[in-house]
$ cat query.txt   # compact mmCIF, C-alpha atoms
# COMPACT_ATOMS: atom_id res chain seq x y z
CA MET A 268 -160.67 56.35 -87.30
CA THR A 269 -163.42 53.84 -88.00
CA ASN A 270 -166.55 54.87 -89.92
CA VAL A 271 -168.67 52.62 -87.67
CA THR A 272 -170.49 54.68 -85.04
CA GLN A 273 -169.48 53.57 -81.57
CA GLN A 274 -172.87 52.89 -80.07
CA ARG A 275 -175.12 49.92 -79.45
CA VAL A 276 -178.16 49.88 -81.74
CA LEU A 277 -180.84 47.18 -81.81
CA HIS A 278 -183.23 47.29 -84.78
CA THR A 279 -184.40 43.68 -84.44
CA ALA A 280 -184.32 40.83 -82.00
CA ILE A 281 -180.90 39.19 -81.73
CA PRO A 282 -180.36 37.31 -83.97
CA GLY A 283 -182.35 39.18 -86.59
CA PRO A 284 -184.24 37.69 -89.56
CA ARG A 285 -181.37 37.93 -92.04
CA SER A 286 -178.96 36.29 -89.56
CA ILE A 287 -181.51 33.54 -88.93
CA GLU A 288 -181.76 32.98 -92.67
CA LEU A 289 -177.99 32.73 -93.00
CA GLN A 290 -177.77 30.38 -90.02
CA ALA A 291 -180.24 28.07 -91.73
CA ARG A 292 -177.99 28.16 -94.79
CA LYS A 293 -175.01 27.32 -92.57
CA SER A 294 -176.75 24.13 -91.42
CA VAL A 295 -176.78 22.80 -94.99
CA SER A 296 -173.41 24.22 -96.09
CA VAL A 297 -171.03 23.92 -93.12
CA SER A 298 -170.04 20.91 -91.04
CA ALA A 299 -172.05 20.64 -87.84
CA GLY A 300 -168.70 20.28 -86.08
CA VAL A 301 -168.06 24.00 -86.64
CA GLY A 302 -169.99 25.65 -83.83
CA THR A 303 -171.25 29.20 -83.47
CA GLY A 304 -171.55 30.89 -80.09
CA LEU A 305 -173.76 33.75 -81.27
CA PRO A 306 -175.37 33.24 -84.72
CA VAL A 307 -175.28 36.90 -85.68
CA TYR A 308 -173.72 37.42 -89.09
CA VAL A 309 -171.38 40.40 -89.21
CA GLU A 310 -171.36 42.77 -92.16
CA ARG A 311 -169.01 45.50 -90.91
CA ALA A 312 -167.04 46.24 -87.77
CA GLY A 313 -164.83 48.91 -86.29
CA ALA A 314 -163.17 49.57 -82.94
CA GLY A 315 -165.56 48.10 -80.34
CA ILE A 316 -168.69 47.60 -82.48
CA LEU A 317 -169.87 44.77 -84.72
CA VAL A 318 -172.58 45.59 -87.29
CA ASP A 319 -174.70 42.64 -88.35
CA VAL A 320 -176.59 41.99 -91.57
CA ASP A 321 -179.82 43.25 -89.96
CA GLY A 322 -178.25 46.61 -89.10
CA ASN A 323 -177.87 45.91 -85.39
CA GLN A 324 -174.73 47.26 -83.72
CA LEU A 325 -173.34 45.03 -81.00
CA ILE A 326 -170.74 45.90 -78.37
CA ASP A 327 -167.77 43.58 -78.69
CA PHE A 328 -166.36 42.17 -75.43
CA GLY A 329 -164.59 39.30 -77.21
CA SER A 330 -162.31 40.73 -79.94
CA GLY A 331 -162.72 37.52 -81.93
CA ILE A 332 -161.12 35.72 -78.96
CA ALA A 333 -158.38 38.28 -78.29
CA VAL A 334 -157.53 38.82 -81.98
CA THR A 335 -158.77 42.31 -82.86
CA THR A 336 -156.86 43.99 -80.06
CA VAL A 337 -156.33 47.08 -82.23
CA GLY A 338 -159.99 47.00 -83.27
CA ASN A 339 -161.60 45.74 -86.43
CA ALA A 340 -160.52 47.39 -89.66
CA ALA A 341 -157.82 49.38 -87.85
CA PRO A 342 -156.65 52.13 -90.24
CA ARG A 343 -152.94 51.26 -90.22
CA VAL A 344 -153.76 47.59 -90.75
CA VAL A 345 -156.13 48.37 -93.61
CA GLU A 346 -153.65 50.69 -95.32
CA ARG A 347 -150.78 48.23 -95.20
CA VAL A 348 -152.92 45.27 -96.25
CA GLN A 349 -154.40 47.13 -99.22
CA GLN A 350 -150.95 48.11 -100.43
CA GLN A 351 -149.59 44.59 -99.99
CA VAL A 352 -152.50 42.96 -101.82
CA ALA A 353 -151.86 45.32 -104.71
CA ASP A 354 -148.14 44.44 -104.72
CA PHE A 355 -148.39 40.64 -104.39
CA THR A 356 -150.30 38.16 -102.24
CA HIS A 357 -147.97 35.15 -102.06
CA THR A 358 -144.68 33.73 -103.19
CA CYS A 359 -143.91 31.36 -100.27
CA PHE A 360 -141.05 32.68 -98.17
CA MET A 361 -139.21 29.36 -98.57
CA VAL A 362 -139.18 29.81 -102.37
CA THR A 363 -138.69 33.52 -103.01
CA PRO A 364 -138.60 35.57 -99.78
CA TYR A 365 -139.73 39.12 -99.08
CA GLU A 366 -138.84 41.89 -96.65
CA GLU A 367 -142.16 41.97 -94.75
CA TYR A 368 -141.37 38.59 -93.17
CA LEU A 369 -138.05 39.97 -91.96
CA ASP A 370 -139.74 43.07 -90.57
CA VAL A 371 -142.15 40.99 -88.47
CA CYS A 372 -139.34 38.78 -87.17
CA ASP A 373 -137.31 41.86 -86.26
CA ALA A 374 -140.29 43.21 -84.33
CA LEU A 375 -140.81 39.92 -82.48
CA ASN A 376 -137.13 39.69 -81.61
CA GLU A 377 -137.23 43.23 -80.23
CA LEU A 378 -140.54 43.08 -78.36
CA THR A 379 -140.46 39.65 -76.70
CA PRO A 380 -138.93 39.40 -73.20
CA GLY A 381 -135.16 39.34 -72.75
CA ASP A 382 -132.26 41.28 -74.25
CA HIS A 383 -130.45 38.20 -75.58
CA GLU A 384 -130.01 37.53 -79.30
CA LYS A 385 -133.14 35.98 -80.78
CA ARG A 386 -134.47 34.40 -83.94
CA SER A 387 -138.08 33.98 -85.07
CA ALA A 388 -140.06 31.85 -87.52
CA LEU A 389 -143.58 32.59 -88.75
CA PHE A 390 -146.58 30.29 -89.08
CA ASN A 391 -150.36 30.48 -89.52
CA SER A 392 -152.03 29.82 -86.18
CA GLY A 393 -151.42 29.57 -82.47
CA ALA A 394 -151.63 25.77 -82.57
CA GLU A 395 -149.04 25.67 -85.33
CA ALA A 396 -146.74 27.95 -83.35
CA VAL A 397 -147.04 25.77 -80.25
CA GLU A 398 -146.42 22.61 -82.25
CA ASN A 399 -143.30 24.09 -83.79
CA ALA A 400 -142.02 25.29 -80.42
CA VAL A 401 -142.28 21.73 -79.14
CA LYS A 402 -140.54 20.44 -82.27
CA VAL A 403 -137.68 22.86 -81.67
CA ALA A 404 -137.39 21.90 -78.00
CA ARG A 405 -137.27 18.19 -78.76
CA HIS A 406 -134.74 18.62 -81.52
CA VAL A 407 -132.41 20.85 -79.53
CA THR A 408 -132.49 18.92 -76.25
CA GLY A 409 -132.56 15.44 -77.76
CA ARG A 410 -135.33 14.61 -75.28
CA GLN A 411 -138.95 13.77 -75.97
CA ALA A 412 -141.14 14.45 -72.91
CA VAL A 413 -143.19 17.64 -72.58
CA VAL A 414 -145.09 18.78 -69.49
CA ALA A 415 -148.24 20.88 -69.75
CA PHE A 416 -150.70 21.93 -67.05
CA ASP A 417 -154.23 21.21 -65.93
CA HIS A 418 -156.76 23.63 -67.48
CA GLY A 419 -154.31 24.49 -70.27
CA TYR A 420 -155.38 25.03 -73.85
CA HIS A 421 -152.85 24.94 -76.68
CA GLY A 422 -154.77 24.17 -79.87
CA ARG A 423 -156.57 21.61 -82.01
CA THR A 424 -153.82 19.81 -83.94
CA ASN A 425 -152.97 16.29 -82.77
CA LEU A 426 -150.00 17.35 -80.65
CA THR A 427 -151.70 20.44 -79.27
CA MET A 428 -154.82 18.44 -78.41
CA ALA A 429 -152.54 16.19 -76.37
CA LEU A 430 -151.25 19.28 -74.57
CA THR A 431 -154.77 20.65 -74.06
CA ALA A 432 -156.45 19.61 -70.81
CA LYS A 433 -160.17 19.78 -71.73
CA ASN A 434 -161.99 16.89 -73.36
CA MET A 435 -165.20 18.53 -74.64
CA PRO A 436 -165.30 19.87 -77.23
CA TYR A 437 -161.61 19.81 -78.13
CA LYS A 438 -160.47 16.20 -77.70
CA HIS A 439 -163.57 14.03 -77.51
CA ARG A 440 -163.11 10.91 -79.68
CA PHE A 441 -160.30 12.50 -81.73
CA GLY A 442 -157.49 10.34 -80.33
CA PRO A 443 -155.10 8.67 -80.13
CA PHE A 444 -152.98 11.71 -79.38
CA ALA A 445 -149.26 12.39 -79.60
CA GLY A 446 -147.23 10.63 -76.95
CA GLU A 447 -144.74 11.73 -74.30
CA VAL A 448 -147.02 14.49 -73.04
CA TYR A 449 -147.49 14.73 -69.27
CA ARG A 450 -149.69 16.96 -67.15
CA ALA A 451 -149.04 18.74 -63.86
CA PRO A 452 -151.50 20.53 -61.54
CA MET A 453 -151.92 24.21 -62.32
CA SER A 454 -151.32 26.89 -59.71
CA TYR A 455 -154.99 27.85 -59.38
CA PRO A 456 -155.36 30.04 -56.28
CA PHE A 457 -159.17 30.06 -56.20
CA ARG A 458 -159.42 26.26 -56.21
CA TRP A 459 -156.10 25.23 -54.64
CA PRO A 460 -156.85 22.71 -51.83
CA GLY A 461 -154.49 24.45 -49.39
CA GLY A 462 -155.92 27.90 -50.11
CA PRO A 463 -154.56 30.83 -52.11
CA ALA A 464 -152.00 31.97 -49.52
CA ASP A 465 -149.85 28.85 -49.90
CA CYS A 466 -150.73 28.12 -53.52
CA ALA A 467 -147.45 29.26 -55.13
CA LYS A 468 -145.18 27.18 -52.91
CA GLU A 469 -147.41 24.13 -52.71
CA SER A 470 -148.24 24.00 -56.42
CA PHE A 471 -144.57 24.38 -57.36
CA ASP A 472 -143.58 21.61 -54.93
CA VAL A 473 -146.22 19.30 -56.40
CA PHE A 474 -145.04 20.14 -59.91
CA VAL A 475 -141.41 19.28 -59.08
CA GLN A 476 -142.33 16.07 -57.29
CA GLN A 477 -144.61 14.82 -60.06
CA VAL A 478 -142.17 15.58 -62.85
CA HIS A 479 -139.33 13.89 -60.98
CA ALA A 480 -141.41 10.79 -60.20
CA GLN A 481 -143.37 10.40 -63.44
CA VAL A 482 -141.07 11.79 -66.12
CA GLY A 483 -137.53 12.35 -64.87
CA GLU A 484 -135.83 15.69 -65.43
CA GLU A 485 -133.28 14.12 -67.77
CA ASN A 486 -136.08 13.03 -70.12
CA LEU A 487 -137.90 16.34 -70.25
CA ALA A 488 -137.48 18.53 -73.34
CA ALA A 489 -139.81 21.36 -72.35
CA VAL A 490 -142.41 22.71 -69.99
CA ILE A 491 -145.15 24.70 -71.71
CA LEU A 492 -147.27 27.16 -69.78
CA GLU A 493 -149.70 30.00 -70.46
CA PRO A 494 -148.65 32.87 -68.15
CA ILE A 495 -152.38 33.44 -67.75
CA GLN A 496 -154.41 30.47 -68.91
CA GLY A 497 -156.90 31.30 -71.62
CA GLU A 498 -159.59 28.82 -72.58
CA GLY A 499 -159.13 27.01 -69.27
CA GLY A 500 -160.63 29.92 -67.35
CA PHE A 501 -158.28 32.93 -67.35
CA ILE A 502 -156.48 31.37 -64.42
CA VAL A 503 -153.75 33.65 -63.07
CA PRO A 504 -151.06 31.54 -61.37
CA ALA A 505 -150.16 32.46 -57.81
CA PRO A 506 -147.46 35.18 -57.74
CA GLY A 507 -144.03 33.65 -58.14
CA PHE A 508 -145.15 30.33 -59.61
CA VAL A 509 -144.25 31.06 -63.23
CA ARG A 510 -140.82 32.37 -62.26
CA GLN A 511 -140.13 29.31 -60.10
CA VAL A 512 -141.03 26.99 -62.97
CA ALA A 513 -138.88 28.93 -65.44
CA ASP A 514 -135.89 28.96 -63.05
CA TRP A 515 -136.29 25.23 -62.37
CA CYS A 516 -136.32 24.52 -66.11
CA ARG A 517 -133.09 26.46 -66.62
CA GLU A 518 -131.45 24.63 -63.72
CA HIS A 519 -132.19 21.26 -65.37
CA GLY A 520 -131.48 22.12 -69.02
CA ILE A 521 -135.19 22.03 -69.86
CA LEU A 522 -136.65 24.61 -72.24
CA PHE A 523 -139.38 26.86 -70.87
CA ILE A 524 -142.03 27.60 -73.52
CA ALA A 525 -144.44 30.46 -72.87
CA ASP A 526 -147.67 30.09 -74.82
CA GLU A 527 -148.57 33.76 -75.22
CA VAL A 528 -151.04 33.21 -78.04
CA GLN A 529 -153.88 34.82 -76.06
CA THR A 530 -151.89 36.91 -73.58
CA GLY A 531 -149.51 38.57 -76.02
CA PHE A 532 -149.44 41.99 -77.69
CA CYS A 533 -150.53 44.42 -74.98
CA ARG A 534 -153.52 42.39 -73.81
CA THR A 535 -152.43 42.12 -70.16
CA GLY A 536 -150.94 45.60 -69.80
CA ASP A 537 -147.47 44.53 -70.94
CA TRP A 538 -146.37 43.52 -74.40
CA PHE A 539 -146.26 39.96 -73.06
CA ALA A 540 -147.66 38.52 -69.83
CA SER A 541 -144.32 36.87 -68.98
CA GLU A 542 -142.94 40.34 -68.29
CA HIS A 543 -145.10 40.75 -65.20
CA GLU A 544 -142.68 38.65 -63.13
CA GLY A 545 -139.62 39.33 -65.24
CA VAL A 546 -139.72 35.84 -66.77
CA VAL A 547 -137.68 35.36 -69.94
CA PRO A 548 -138.86 32.25 -71.84
CA ASP A 549 -136.50 30.18 -73.95
CA LEU A 550 -139.24 29.99 -76.58
CA ILE A 551 -142.40 32.04 -76.93
CA ALA A 552 -145.40 31.20 -79.12
CA THR A 553 -147.49 34.10 -80.44
CA ALA A 554 -150.52 34.59 -82.69
CA LYS A 555 -154.03 36.08 -82.21
CA GLY A 556 -153.52 39.81 -81.48
CA MET A 557 -150.38 40.04 -83.59
CA ALA A 558 -151.92 40.78 -86.98
CA GLY A 559 -155.15 42.70 -86.46
CA GLY A 560 -157.38 39.84 -87.58
CA LEU A 561 -155.29 38.14 -90.25
CA PRO A 562 -153.87 34.65 -89.62
CA LEU A 563 -150.26 34.89 -88.47
CA ALA A 564 -148.26 33.22 -85.71
CA GLY A 565 -144.68 33.10 -84.57
CA VAL A 566 -142.12 31.25 -82.52
CA THR A 567 -139.36 33.40 -81.07
CA GLY A 568 -136.45 32.00 -79.11
CA ARG A 569 -132.85 32.20 -78.13
CA ALA A 570 -130.68 32.42 -81.23
CA GLU A 571 -128.63 29.33 -80.39
CA ILE A 572 -131.83 27.30 -80.00
CA MET A 573 -133.62 28.48 -83.13
CA ASP A 574 -130.45 28.24 -85.24
CA ALA A 575 -129.84 24.64 -84.17
CA ILE A 576 -132.60 23.41 -86.49
CA HIS A 577 -131.47 22.06 -89.84
CA GLY A 578 -132.36 24.02 -92.98
CA GLY A 579 -135.91 23.26 -94.10
CA GLY A 580 -136.88 21.92 -90.68
CA LEU A 581 -139.22 24.82 -90.04
CA GLY A 582 -141.67 26.46 -92.40
CA GLY A 583 -144.90 25.94 -94.31
CA THR A 584 -146.48 27.08 -97.55
CA TYR A 585 -148.42 29.97 -96.05
CA GLY A 586 -146.28 30.65 -92.99
CA GLY A 587 -145.54 34.36 -92.82
CA ASN A 588 -147.86 35.21 -95.71
CA PRO A 589 -146.96 38.71 -96.95
CA VAL A 590 -150.47 40.11 -96.50
CA ALA A 591 -150.64 38.81 -92.92
CA CYS A 592 -147.16 40.23 -92.29
CA ALA A 593 -148.29 43.63 -93.58
CA ALA A 594 -151.26 43.47 -91.21
CA ALA A 595 -148.98 42.64 -88.29
CA LEU A 596 -146.75 45.60 -89.04
CA GLY A 597 -149.79 47.87 -89.06
CA ALA A 598 -151.10 46.36 -85.83
CA ILE A 599 -147.77 46.68 -84.03
CA GLU A 600 -147.41 50.27 -85.24
CA THR A 601 -150.88 50.97 -83.79
CA MET A 602 -149.98 49.35 -80.46
CA ARG A 603 -146.85 51.46 -80.19
CA SER A 604 -148.27 54.80 -81.33
CA GLU A 605 -151.43 54.53 -79.20
CA ASP A 606 -149.71 52.97 -76.15
CA LEU A 607 -152.11 50.05 -76.03
CA CYS A 608 -150.23 48.53 -73.09
CA GLY A 609 -151.18 51.62 -71.12
CA ARG A 610 -154.70 51.44 -72.52
CA ALA A 611 -155.04 47.83 -71.30
CA ARG A 612 -154.24 49.01 -67.78
CA GLU A 613 -156.89 51.71 -68.12
CA VAL A 614 -159.42 49.07 -69.16
CA GLU A 615 -158.54 47.07 -66.04
CA ALA A 616 -159.06 50.17 -63.89
CA LEU A 617 -162.47 50.69 -65.47
CA PHE A 618 -163.66 47.07 -65.22
CA LEU A 619 -162.45 45.95 -61.81
CA PRO A 620 -164.44 48.35 -59.61
CA ARG A 621 -167.61 47.47 -61.52
CA LEU A 622 -166.99 43.73 -61.25
CA ARG A 623 -166.13 43.98 -57.55
CA ALA A 624 -169.31 45.94 -56.87
CA LEU A 625 -171.28 43.29 -58.72
CA ALA A 626 -169.62 40.57 -56.63
CA GLU A 627 -170.69 42.35 -53.46
CA ARG A 628 -174.31 42.03 -54.55
CA TYR A 629 -174.12 38.49 -55.91
CA PRO A 630 -172.34 35.70 -53.97
CA GLN A 631 -172.47 33.63 -57.14
CA ILE A 632 -169.39 35.55 -58.29
CA GLY A 633 -166.75 33.48 -56.57
CA ASP A 634 -163.60 34.99 -58.07
CA ILE A 635 -162.49 38.03 -60.07
CA ARG A 636 -159.14 37.70 -61.78
CA GLY A 637 -156.94 38.70 -64.68
CA ARG A 638 -154.72 41.59 -65.73
CA GLY A 639 -155.13 44.44 -68.14
CA ALA A 640 -157.91 43.83 -70.63
CA MET A 641 -157.84 40.07 -69.98
CA LEU A 642 -160.25 39.78 -67.08
CA ALA A 643 -162.69 37.16 -65.84
CA ILE A 644 -165.23 36.25 -63.20
CA GLU A 645 -165.87 32.68 -62.08
CA LEU A 646 -169.44 31.79 -61.14
CA VAL A 647 -170.29 29.36 -58.34
CA ARG A 648 -173.42 28.19 -56.55
CA GLY A 649 -173.12 30.74 -53.77
CA ALA A 650 -171.28 31.84 -50.66
CA GLY A 651 -169.32 28.91 -49.26
CA ASP A 652 -170.30 26.65 -52.16
CA LEU A 653 -167.63 26.70 -54.88
CA THR A 654 -169.46 24.24 -57.13
CA PRO A 655 -169.08 25.58 -60.69
CA ASN A 656 -172.28 27.27 -61.86
CA ALA A 657 -172.32 26.64 -65.59
CA GLU A 658 -176.11 27.05 -65.75
CA LEU A 659 -176.04 30.63 -64.48
CA THR A 660 -173.11 31.40 -66.76
CA ALA A 661 -175.06 30.21 -69.78
CA ALA A 662 -178.18 32.15 -68.75
CA VAL A 663 -176.29 35.43 -68.33
CA ASN A 664 -174.50 34.84 -71.61
CA ARG A 665 -177.79 34.34 -73.48
CA GLU A 666 -179.24 37.54 -72.03
CA CYS A 667 -176.11 39.54 -72.93
CA HIS A 668 -176.37 38.32 -76.50
CA ALA A 669 -180.06 39.17 -76.66
CA GLN A 670 -179.25 42.73 -75.55
CA GLY A 671 -176.50 43.27 -78.10
CA LEU A 672 -173.38 42.51 -76.04
CA VAL A 673 -170.97 39.92 -77.43
CA THR A 674 -169.66 37.99 -74.43
CA LEU A 675 -167.53 34.86 -74.21
CA THR A 676 -167.48 32.10 -71.65
CA CYS A 677 -164.66 29.70 -70.92
CA GLY A 678 -163.24 27.45 -68.22
CA THR A 679 -162.82 23.74 -67.73
CA TYR A 680 -166.23 23.72 -66.02
CA GLY A 681 -167.92 26.23 -68.36
CA ASN A 682 -168.50 28.72 -65.54
CA VAL A 683 -166.19 31.63 -66.36
CA PHE A 684 -166.95 34.89 -68.15
CA ARG A 685 -163.94 36.35 -69.92
CA PHE A 686 -163.70 39.98 -70.92
CA LEU A 687 -161.51 40.72 -73.94
CA PRO A 688 -162.62 44.06 -75.39
CA PRO A 689 -160.68 45.74 -78.18
CA LEU A 690 -158.17 48.08 -76.60
CA VAL A 691 -159.33 50.95 -78.81
CA ALA A 692 -162.93 50.82 -77.53
CA SER A 693 -163.92 53.99 -75.68
CA ASP A 694 -164.60 54.18 -71.95
CA GLU A 695 -168.19 55.14 -72.74
CA LEU A 696 -168.77 52.05 -74.87
CA LEU A 697 -167.12 49.75 -72.33
CA SER A 698 -169.19 51.27 -69.54
CA GLU A 699 -172.37 50.69 -71.51
CA GLY A 700 -171.33 47.09 -72.08
CA LEU A 701 -170.88 46.65 -68.35
CA ASP A 702 -174.34 48.15 -67.79
CA VAL A 703 -175.77 45.50 -70.12
CA PHE A 704 -173.80 42.77 -68.35
CA GLU A 705 -175.03 43.85 -64.93
CA ALA A 706 -178.65 43.95 -66.13
CA ALA A 707 -178.28 40.50 -67.68
CA PHE A 708 -176.91 39.16 -64.40
CA ALA A 709 -179.87 40.58 -62.47
CA LYS A 710 -182.39 39.19 -64.96
CA ALA A 711 -180.81 35.71 -64.98
CA LEU A 712 -181.12 35.55 -61.19
CA GLY A 713 -184.70 36.69 -61.29
$ encode --input "query.txt" --output "structure tokens"
Amino acid sequence: MTNVTQQRVLHTAIPGPRSIELQARKSVSVSAGVGTGLPVYVERAGAGILVDVDGNQLIDFGSGIAVTTVGNAAPRVVERVQQQVADFTHTCFMVTPYEEYLDVCDALNELTPGDHEKRSALFNSGAEAVENAVKVARHVTGRQAVVAFDHGYHGRTNLTMALTAKNMPYKHRFGPFAGEVYRAPMSYPFRWPGGPADCAKESFDVFVQQVHAQVGEENLAAVILEPIQGEGGFIVPAPGFVRQVADWCREHGILFIADEVQTGFCRTGDWFASEHEGVVPDLIATAKGMAGGLPLAGVTGRAEIMDAIHGGGLGGTYGGNPVACAAALGAIETMRSEDLCGRAREVEALFLPRLRALAERYPQIGDIRGRGAMLAIELVRGAGDLTPNAELTAAVNRECHAQGLVTLTCGTYGNVFRFLPPLVASDELLSEGLDVFEAAFAKALG
């Protein structure tokens, strides 16, 4: 168990004087291009609490953007990392390999959807995993085109910026971007022109028509999709849409890539969000929650696809670093032993009634969506007016931060709150966080 007490404590204003001092130092040491959502400098953390340098204890509803799913400083992660650091920190798997890399690949091959034979390769970040999945798809199919979706986010490398749908802050003036990337409308029930009831059928029909007309099925290497979109607003596709897209890909010899960087590893109540509709991707990109806070990512796919790449075609100096692999093994052991998939469903059951009650009081909450411990509300101007309300979102966010609750916003229009608490946070702590959120909402609306 963590030695950080699981309660919110405010000794100073947020941020406190020491954090303000460090933020001033950041301005002269760190590129201005590296932003900070909440300039509170963390000294220690455990489970659902972050302790800052001023001694304040903040409730964490962000998990470092879905990374510390098993909590910060999770005991099994710490134990394995400490042992691995003492043994060795690096050799480069491509030079002299080590068993920990194999252990992580075995776990990925076992846990990801489908009972077919699989192979995995390890990398450093979600963007790197996505980029390598696209590389594999292009190599294996001999085709070049890739289709991504509106509101999608896939990373900050050149290729993944091309796949990403949002200009600011991710793409603005960073082009030109990688070519042969096309975009299709996302199945977005809340904002679908024909309404949510017909969204699955209509959005799939539009997808098929656009790909046929603009790309041509015979030119398409892969379709990449987040089973629940992350940065774009936690958009949950209409039921059946993901399966229809995956089936259509298989029919046309196109590889279906699931970007499960944010949705993977128990976050949505399953090990992977693709499982919700029984979808089995050809390739799956993972990162974030896999390694308890250390940088590690993977691409897992059908054995015949992953083995079709020539020797040396995949890899990287730090890919599958032994310390990160040790952390992943500790994190996965924690997920299994504590049934964190089940815990994610409990978090959903705790959050949804509170959010629905809040929506009954405030018509500015236009939509509540998500699964497991990956939930969101979308804020609008009011009843009957679905104009995105980024101003209210920002005001509530500021008040949450001031009261010691770490919240995250997202969405193409900047009007979505996303809730990503560590799965090991207690019901009592989560309930207190929701109390703070509700009070912040009331204060922001006057």
$ residues_around --input "query.txt" --residues "segment 554-565 of chain A" --least-positions-apart "4" --cutoff "9 Å" --atoms "all atoms listed in the file" --output "compact mmCIF listing (two decimals) with C-alpha atoms, keeping the file's coordinate frame"
# COMPACT_ATOMS: atom_id res chain seq x y z
CA SER A 330 -162.31 40.73 -79.94
CA GLY A 331 -162.72 37.52 -81.93
CA ILE A 332 -161.12 35.72 -78.96
CA ALA A 333 -158.38 38.28 -78.29
CA VAL A 334 -157.53 38.82 -81.98
CA THR A 335 -158.77 42.31 -82.86
CA THR A 336 -156.86 43.99 -80.06
CA VAL A 337 -156.33 47.08 -82.23
CA GLY A 338 -159.99 47.00 -83.27
CA ASN A 339 -161.60 45.74 -86.43
CA ALA A 340 -160.52 47.39 -89.66
CA ALA A 341 -157.82 49.38 -87.85
CA VAL A 344 -153.76 47.59 -90.75
CA CYS A 372 -139.34 38.78 -87.17
CA LEU A 375 -140.81 39.92 -82.48
CA SER A 387 -138.08 33.98 -85.07
CA ALA A 388 -140.06 31.85 -87.52
CA LEU A 389 -143.58 32.59 -88.75
CA PHE A 390 -146.58 30.29 -89.08
CA ASN A 391 -150.36 30.48 -89.52
CA SER A 392 -152.03 29.82 -86.18
CA GLY A 393 -151.42 29.57 -82.47
CA ALA A 394 -151.63 25.77 -82.57
CA GLU A 395 -149.04 25.67 -85.33
CA ALA A 396 -146.74 27.95 -83.35
CA VAL A 397 -147.04 25.77 -80.25
CA GLU A 527 -148.57 33.76 -75.22
CA VAL A 528 -151.04 33.21 -78.04
CA GLN A 529 -153.88 34.82 -76.06
CA THR A 530 -151.89 36.91 -73.58
CA GLY A 531 -149.51 38.57 -76.02
CA PHE A 532 -149.44 41.99 -77.69
CA CYS A 533 -150.53 44.42 -74.98
CA ARG A 534 -153.52 42.39 -73.81
CA GLY A 586 -146.28 30.65 -92.99
CA GLY A 587 -145.54 34.36 -92.82
CA ASN A 588 -147.86 35.21 -95.71
CA VAL A 590 -150.47 40.11 -96.50
CA ALA A 591 -150.64 38.81 -92.92
CA CYS A 592 -147.16 40.23 -92.29
CA ALA A 593 -148.29 43.63 -93.58
CA ALA A 594 -151.26 43.47 -91.21
CA ALA A 595 -148.98 42.64 -88.29
CA LEU A 596 -146.75 45.60 -89.04
CA GLY A 597 -149.79 47.87 -89.06
CA ALA A 598 -151.10 46.36 -85.83
CA ILE A 599 -147.77 46.68 -84.03
$ residues_near_point --input "query.txt" --point "(-167.4, 16.7, -84.0)" --cutoff "10 Å" --atoms "all atoms listed in the file" --output "list in words"
Ser298, Ala299, Gly300, Val301, Gly302, Met435, Pro436, Tyr437, Lys438, His439, Arg440 and Phe441 of chain A
$ residues_around --input "query.txt" --residues "segment 674-687 of chain A" --least-positions-apart "6" --cutoff "6 Å" --atoms "only C-alpha atoms" --output "count of residues only"
17
$ residues_around --input "query.txt" --residues "Ala711 of chain A" --least-positions-apart "3" --cutoff "12 Å" --atoms "all atoms listed in the file" --output "PDB file with C-alpha atoms, in the coordinates of the input"
ATOM      1  CA  TYR A 629    -174.120  38.490 -55.910  1.00  0.00           C
ATOM      2  CA  GLN A 631    -172.470  33.630 -57.140  1.00  0.00           C
ATOM      3  CA  GLU A 658    -176.110  27.050 -65.750  1.00  0.00           C
ATOM      4  CA  LEU A 659    -176.040  30.630 -64.480  1.00  0.00           C
ATOM      5  CA  THR A 660    -173.110  31.400 -66.760  1.00  0.00           C
ATOM      6  CA  ALA A 661    -175.060  30.210 -69.780  1.00  0.00           C
ATOM      7  CA  ALA A 662    -178.180  32.150 -68.750  1.00  0.00           C
ATOM      8  CA  VAL A 663    -176.290  35.430 -68.330  1.00  0.00           C
ATOM      9  CA  ASN A 664    -174.500  34.840 -71.610  1.00  0.00           C
ATOM     10  CA  ARG A 665    -177.790  34.340 -73.480  1.00  0.00           C
ATOM     11  CA  GLU A 666    -179.240  37.540 -72.030  1.00  0.00           C
ATOM     12  CA  CYS A 667    -176.110  39.540 -72.930  1.00  0.00           C
ATOM     13  CA  PHE A 704    -173.800  42.770 -68.350  1.00  0.00           C
ATOM     14  CA  GLU A 705    -175.030  43.850 -64.930  1.00  0.00           C
ATOM     15  CA  ALA A 706    -178.650  43.950 -66.130  1.00  0.00           C
ATOM     16  CA  ALA A 707    -178.280  40.500 -67.680  1.00  0.00           C
ATOM     17  CA  PHE A 708    -176.910  39.160 -64.400  1.00  0.00           C
TER      18      PHE A 708
END
$ closest_residue --input "query.txt" --among "A:Leu430, A:Leu619, A:Val546, A:Ile287" --to "Gly507 of chain A" --atoms "only C-alpha atoms"
A:Val546
$ closest_residue --input "query.txt" --among "A:Arg638, A:Arg458, A:Arg450, A:Arg423" --to "Gln477 of chain A" --atoms "all atoms listed in the file"
A:Arg450
$ atom_distance --input "query.txt" --atom1 "atom CA of Ala552 of chain A" --atom2 "atom CA of Ala314 of chain A"
25.8 Å
$ residues_near_point --input "query.txt" --point "(-170.6, 45.6, -74.8)" --cutoff "7 Å" --atoms "all atoms listed in the file" --output "NGL selection string"
:A and (325-328 or 672-673 or 696-697 or 699-701 or 703)
$ atom_distance --input "query.txt" --atom1 "atom CA of Glu600 of chain A" --atom2 "atom CA of Phe501 of chain A"
27.2 Å
